[in-house]
>>> print(open('data03.txt').read())   # compact mmCIF, C-alpha atoms
# COMPACT_ATOMS: atom_id res chain seq x y z
CA MET A 1 0.00 0.00 0.00
CA THR A 2 1.32 3.44 -0.94
CA VAL A 3 0.59 6.46 1.20
CA ASP A 4 -0.06 9.75 -0.61
CA HIS A 5 1.89 12.47 1.20
CA THR A 6 1.21 15.17 -1.42
CA ARG A 7 -2.01 16.39 0.24
CA THR A 8 -1.34 19.48 2.29
CA LEU A 9 -3.33 20.82 5.19
CA PRO A 10 -5.76 23.63 4.43
CA SER A 11 -4.37 27.04 5.17
CA GLY A 12 -5.73 29.18 7.97
CA PRO A 13 -6.08 28.74 11.68
CA ARG A 14 -8.68 26.42 13.20
CA GLN A 15 -10.51 26.43 16.48
CA SER A 16 -12.30 23.80 18.51
CA VAL A 17 -15.58 24.98 20.01
CA GLU A 18 -17.32 22.96 22.73
CA LEU A 19 -20.92 22.08 21.96
CA ASP A 20 -23.67 21.99 24.56
CA ARG A 21 -25.43 18.68 25.23
CA ASP A 22 -28.51 19.43 23.11
CA GLU A 23 -26.51 20.49 20.04
CA ALA A 24 -24.14 17.54 20.41
CA LEU A 25 -27.05 15.08 20.53
CA ARG A 26 -28.76 16.83 17.61
CA LEU A 27 -25.61 16.37 15.51
CA LEU A 28 -25.21 12.76 16.65
CA GLY A 29 -28.77 12.10 15.51
CA SER A 30 -28.05 13.62 12.10
CA VAL A 31 -25.73 10.76 11.08
CA SER A 32 -26.23 7.00 11.06
CA PHE A 33 -22.66 5.75 11.51
CA GLY A 34 -20.40 5.74 14.55
CA ARG A 35 -18.06 3.67 16.68
CA ILE A 36 -18.94 1.78 19.86
CA VAL A 37 -16.15 1.44 22.43
CA PHE A 38 -16.31 -1.18 25.19
CA THR A 39 -13.96 -3.51 27.04
CA ARG A 40 -13.26 -7.04 25.91
CA HIS A 41 -10.82 -9.18 27.86
CA ALA A 42 -9.98 -6.04 29.89
CA LEU A 43 -8.86 -4.16 26.76
CA PRO A 44 -10.62 -1.39 24.81
CA THR A 45 -12.47 -2.62 21.74
CA VAL A 46 -13.87 -0.42 18.97
CA ARG A 47 -16.49 -1.51 16.43
CA PRO A 48 -18.01 0.53 13.59
CA VAL A 49 -21.81 0.33 13.70
CA ASN A 50 -24.87 2.16 12.51
CA HIS A 51 -27.22 3.70 15.03
CA VAL A 52 -30.42 5.58 15.61
CA LEU A 53 -31.01 8.24 18.25
CA ASP A 54 -34.23 7.47 20.11
CA ASP A 55 -35.46 9.86 22.79
CA GLY A 56 -31.89 10.93 23.56
CA ASP A 57 -30.52 7.37 23.71
CA VAL A 58 -28.24 5.74 21.14
CA VAL A 59 -29.54 2.39 19.87
CA ILE A 60 -27.57 -0.13 17.85
CA ARG A 61 -28.49 -3.63 16.67
CA THR A 62 -26.30 -6.61 17.43
CA HIS A 63 -26.29 -10.36 16.95
CA GLU A 64 -26.16 -13.25 19.38
CA GLY A 65 -22.43 -13.90 19.02
CA ALA A 66 -21.38 -10.25 19.28
CA ALA A 67 -18.97 -9.38 22.08
CA LEU A 68 -21.10 -6.40 23.10
CA THR A 69 -24.23 -8.55 23.28
CA SER A 70 -22.41 -10.96 25.60
CA ARG A 71 -21.00 -8.17 27.78
CA ALA A 72 -24.41 -6.48 28.11
CA HIS A 73 -26.06 -9.82 28.92
CA GLU A 74 -23.43 -10.56 31.61
CA ALA A 75 -24.08 -7.17 33.24
CA ASP A 76 -27.43 -8.45 34.62
CA GLY A 77 -29.41 -5.24 34.33
CA SER A 78 -26.71 -2.90 35.64
CA GLY A 79 -25.48 -2.31 32.12
CA VAL A 80 -21.97 -2.15 30.75
CA VAL A 81 -19.99 1.09 30.48
CA VAL A 82 -19.43 2.11 26.87
CA ALA A 83 -18.53 5.12 24.81
CA TYR A 84 -20.06 5.96 21.45
CA GLN A 85 -18.43 8.35 19.00
CA ALA A 86 -19.69 9.79 15.73
CA ASP A 87 -18.48 12.64 13.58
CA ALA A 88 -18.72 14.45 10.28
CA ILE A 89 -15.33 15.94 9.39
CA ASP A 90 -14.55 17.08 5.86
CA PRO A 91 -11.39 15.27 4.68
CA ASP A 92 -10.24 18.27 2.64
CA THR A 93 -10.95 21.23 4.94
CA HIS A 94 -10.68 19.31 8.23
CA LEU A 95 -13.77 21.18 9.45
CA GLY A 96 -16.81 19.56 11.03
CA TRP A 97 -17.81 18.09 14.36
CA SER A 98 -17.24 15.13 16.67
CA VAL A 99 -19.44 13.86 19.51
CA VAL A 100 -18.65 11.27 22.19
CA VAL A 101 -21.25 9.96 24.61
CA THR A 102 -20.41 7.77 27.59
CA GLY A 103 -22.96 5.77 29.51
CA TYR A 104 -24.38 2.36 30.30
CA ALA A 105 -25.46 -0.04 27.58
CA HIS A 106 -28.41 -2.33 28.22
CA LEU A 107 -29.92 -5.05 26.09
CA VAL A 108 -33.38 -4.16 24.86
CA THR A 109 -35.65 -6.99 26.01
CA ASP A 110 -39.13 -5.68 25.26
CA GLN A 111 -40.34 -7.46 22.10
CA GLU A 112 -42.38 -4.48 20.84
CA GLU A 113 -39.38 -2.20 21.25
CA LEU A 114 -37.15 -4.71 19.45
CA ALA A 115 -39.66 -4.88 16.58
CA ARG A 116 -39.68 -1.07 16.34
CA TYR A 117 -35.87 -0.98 16.16
CA ARG A 118 -35.92 -3.63 13.42
CA ASP A 119 -37.99 -1.16 11.39
CA LEU A 120 -35.94 1.93 12.31
CA LEU A 121 -32.44 0.49 12.03
CA VAL A 122 -31.46 -1.71 9.10
CA PRO A 123 -28.06 -3.43 9.60
CA TRP A 124 -25.36 -2.74 7.05
CA VAL A 125 -24.10 -6.31 7.02
CA GLN A 126 -25.84 -9.47 5.82
CA ARG A 127 -26.32 -10.98 9.24
CA THR A 128 -29.29 -11.71 11.47
CA MET A 129 -29.38 -8.98 14.13
CA ASN A 130 -31.92 -10.14 16.71
CA TYR A 131 -30.65 -7.96 19.55
CA ALA A 132 -30.58 -4.26 20.23
CA VAL A 133 -28.49 -2.32 22.72
CA ARG A 134 -29.64 0.99 24.17
CA ILE A 135 -27.01 3.43 25.44
CA HIS A 136 -28.20 6.13 27.80
CA PRO A 137 -25.66 8.99 27.55
CA ASP A 138 -24.58 10.07 31.03
CA LEU A 139 -21.74 12.19 29.63
CA VAL A 140 -21.99 14.04 26.33
CA ASN A 141 -18.98 15.81 24.84
CA GLY A 142 -19.02 17.48 21.46
CA ILE A 143 -16.71 19.77 19.55
CA LEU A 144 -17.14 21.85 16.44
CA LEU A 145 -14.00 22.23 14.32
CA THR A 146 -14.28 25.55 12.54
CA ALA A 147 -12.16 28.25 10.94
CA ASP A 148 -10.77 30.64 13.53
CA ASP A 149 -12.32 34.00 12.68
CA ARG A 150 -10.45 35.59 15.59
CA ALA A 151 -7.15 35.48 13.71
CA PRO A 152 -5.57 38.92 13.25
CA VAL A 153 -6.12 40.54 9.87
CA ALA A 154 -2.93 41.57 8.09
CA ASP A 155 -2.54 45.25 7.27
CA SER A 156 -3.34 46.15 3.69
CA PRO A 157 -0.57 47.60 1.53
CA THR A 158 -2.16 51.07 1.80
CA GLY A 159 -2.14 51.01 5.59
CA ASP A 160 -5.93 50.72 5.81
CA ALA A 161 -7.21 47.98 8.09
>>> encode(input="data03.txt", output="structure tokens")
Amino acid sequence: MTVDHTRTLPSGPRQSVELDRDEALRLLGSVSFGRIVFTRHALPTVRPVNHVLDDGDVVIRTHEGAALTSRAHEADGSGVVVAYQADAIDPDTHLGWSVVVTGYAHLVTDQEELARYRDLLVPWVQRTMNYAVRIHPDLVNGILLTADDRAPVADSPTGDA
């Protein structure tokens, strides 16, 4: 594999602006792809998944053999601590946003709720996904990556600002 090093970073300063909880969750709900982070064999594990935001909670579908399904099942109602991250960052300008939620993941056991999630959330892979995991965000952190408009303006050649 060859790495292309010819791409240069966009010019101009950037700033990172913290988002409030409501805006961060609104942005998270505007995309369908993210990454779930949980522990497996005492080590961090990251999986790309699709999601839906439902009443402020992140919901993903899983299958019986999935590590997250097993971990959530073992938690016996207390849930398993996870993080969920999603973003939309332009690869050329490096502008956009990123949101991370941290909370407890629980298996969805109500059959009507599971049926609703089957309709709302179609898996991306050809696999039977009979389980759903609901993550209630206890911590929500979001940043907006934007051009820094506070940068000083250079003097014009005529001396006018």
>>> closest_residue(input="data03.txt", among="A:Val99, A:Leu145, A:Val58, A:Val52", to="Asp87 of chain A", atoms="all atoms listed in the file")
A:Val99
>>> residues_around(input="data03.txt", residues="Asp20 of chain A", least_positions_apart="2", cutoff="9 Å", atoms="all atoms listed in the file", output="PyMOL selection string")
chain A and resi 18+22-25+140-143
>>> closest_residue(input="data03.txt", among="A:Gly96, A:Gly77, A:Gly65, A:Gly29", to="Asn130 of chain A", atoms="all atoms listed in the file")
A:Gly65
>>> residues_around(input="data03.txt", residues="Leu121 of chain A", least_positions_apart="5", cutoff="8 Å", atoms="all atoms listed in the file", output="VMD selection string")
chain A and resid 50 to 52 60 to 61
>>> closest_residue(input="data03.txt", among="A:Ala67, A:Ala132, A:Val17, A:Val59", to="Thr39 of chain A", atoms="all atoms listed in the file")
A:Ala67
>>> closest_residue(input="data03.txt", among="A:Ile135, A:Val100, A:Ala115, A:Val122", to="Val80 of chain A", atoms="only C-alpha atoms")
A:Ile135
>>> atom_distance(input="data03.txt", atom1="atom CA of Arg21 of chain A", atom2="atom CA of Val81 of chain A")
19.1 Å
>>> axis_aligned_box(input="data03.txt", around="segment 16-29 of chain A", padding_each_side="5 Å", output="AutoDock Vina command-line options")
--center_x -20.5 --center_y 18.5 --center_z 20.4 --size_x 26.5 --size_y 22.9 --size_z 19.7
>>> atom_distance(input="data03.txt", atom1="atom CA of Phe33 of chain A", atom2="atom CA of Ser98 of chain A")
12.0 Å
>>> closest_residue(input="data03.txt", among="A:Leu28, A:Arg71, A:Glu64, A:His106", to="His41 of chain A", atoms="all atoms listed in the file")
A:Arg71
>>> build_atoms(input="data03.txt", residues="segment 69-91 of chain A", atoms="N, CA and C atoms", output="short mmCIF file (atom, residue, chain, number, x, y, z; two decimals), in the frame of the given file")
data_model
loop_
_atom_site.label_atom_id
_atom_site.label_comp_id
_atom_site.auth_asym_id
_atom_site.auth_seq_id
_atom_site.Cartn_x
_atom_site.Cartn_y
_atom_site.Cartn_z
N THR A 69 -23.01 -7.87 22.83
CA THR A 69 -24.23 -8.55 23.28
C THR A 69 -23.91 -9.40 24.52
N SER A 70 -22.82 -10.13 24.46
CA SER A 70 -22.41 -10.96 25.60
C SER A 70 -22.10 -10.12 26.82
N ARG A 71 -21.36 -9.03 26.65
CA ARG A 71 -21.00 -8.17 27.78
C ARG A 71 -22.25 -7.56 28.40
N ALA A 72 -23.19 -7.09 27.58
CA ALA A 72 -24.41 -6.48 28.11
C ALA A 72 -25.27 -7.53 28.82
N HIS A 73 -25.30 -8.74 28.29
CA HIS A 73 -26.06 -9.82 28.92
C HIS A 73 -25.45 -10.19 30.28
N GLU A 74 -24.13 -10.23 30.36
CA GLU A 74 -23.43 -10.56 31.61
C GLU A 74 -23.63 -9.49 32.69
N ALA A 75 -23.96 -8.28 32.29
CA ALA A 75 -24.08 -7.17 33.24
C ALA A 75 -25.33 -7.29 34.12
N ASP A 76 -26.24 -8.20 33.80
CA ASP A 76 -27.43 -8.45 34.62
C ASP A 76 -28.19 -7.20 35.01
N GLY A 77 -28.57 -6.39 34.05
CA GLY A 77 -29.41 -5.24 34.33
C GLY A 77 -28.67 -3.98 34.73
N SER A 78 -27.45 -4.11 35.25
CA SER A 78 -26.71 -2.90 35.64
C SER A 78 -26.13 -2.19 34.42
N GLY A 79 -26.01 -2.89 33.34
CA GLY A 79 -25.48 -2.31 32.12
C GLY A 79 -23.96 -2.39 32.09
N VAL A 80 -23.41 -2.14 30.94
CA VAL A 80 -21.97 -2.15 30.75
C VAL A 80 -21.55 -0.77 30.28
N VAL A 81 -20.47 -0.25 30.84
CA VAL A 81 -19.99 1.09 30.48
C VAL A 81 -19.42 1.05 29.06
N VAL A 82 -19.90 1.99 28.25
CA VAL A 82 -19.43 2.11 26.87
C VAL A 82 -19.26 3.58 26.52
N ALA A 83 -18.58 3.81 25.43
CA ALA A 83 -18.53 5.12 24.81
C ALA A 83 -19.01 4.94 23.38
N TYR A 84 -19.62 5.98 22.84
CA TYR A 84 -20.06 5.96 21.45
C TYR A 84 -19.61 7.26 20.81
N GLN A 85 -18.97 7.17 19.66
CA GLN A 85 -18.43 8.35 19.00
C GLN A 85 -18.91 8.39 17.56
N ALA A 86 -19.33 9.57 17.13
CA ALA A 86 -19.69 9.79 15.73
C ALA A 86 -19.19 11.17 15.33
N ASP A 87 -18.98 11.35 14.05
CA ASP A 87 -18.48 12.64 13.58
C ASP A 87 -18.84 12.87 12.13
N ALA A 88 -18.62 14.08 11.69
CA ALA A 88 -18.72 14.45 10.28
C ALA A 88 -17.63 15.50 10.07
N ILE A 89 -16.48 15.06 9.59
CA ILE A 89 -15.33 15.94 9.39
C ILE A 89 -14.92 15.87 7.93
N ASP A 90 -14.91 17.01 7.27
CA ASP A 90 -14.55 17.08 5.86
C ASP A 90 -13.08 16.69 5.69
N PRO A 91 -12.78 15.71 4.83
CA PRO A 91 -11.39 15.27 4.68
C PRO A 91 -10.49 16.30 4.02
#
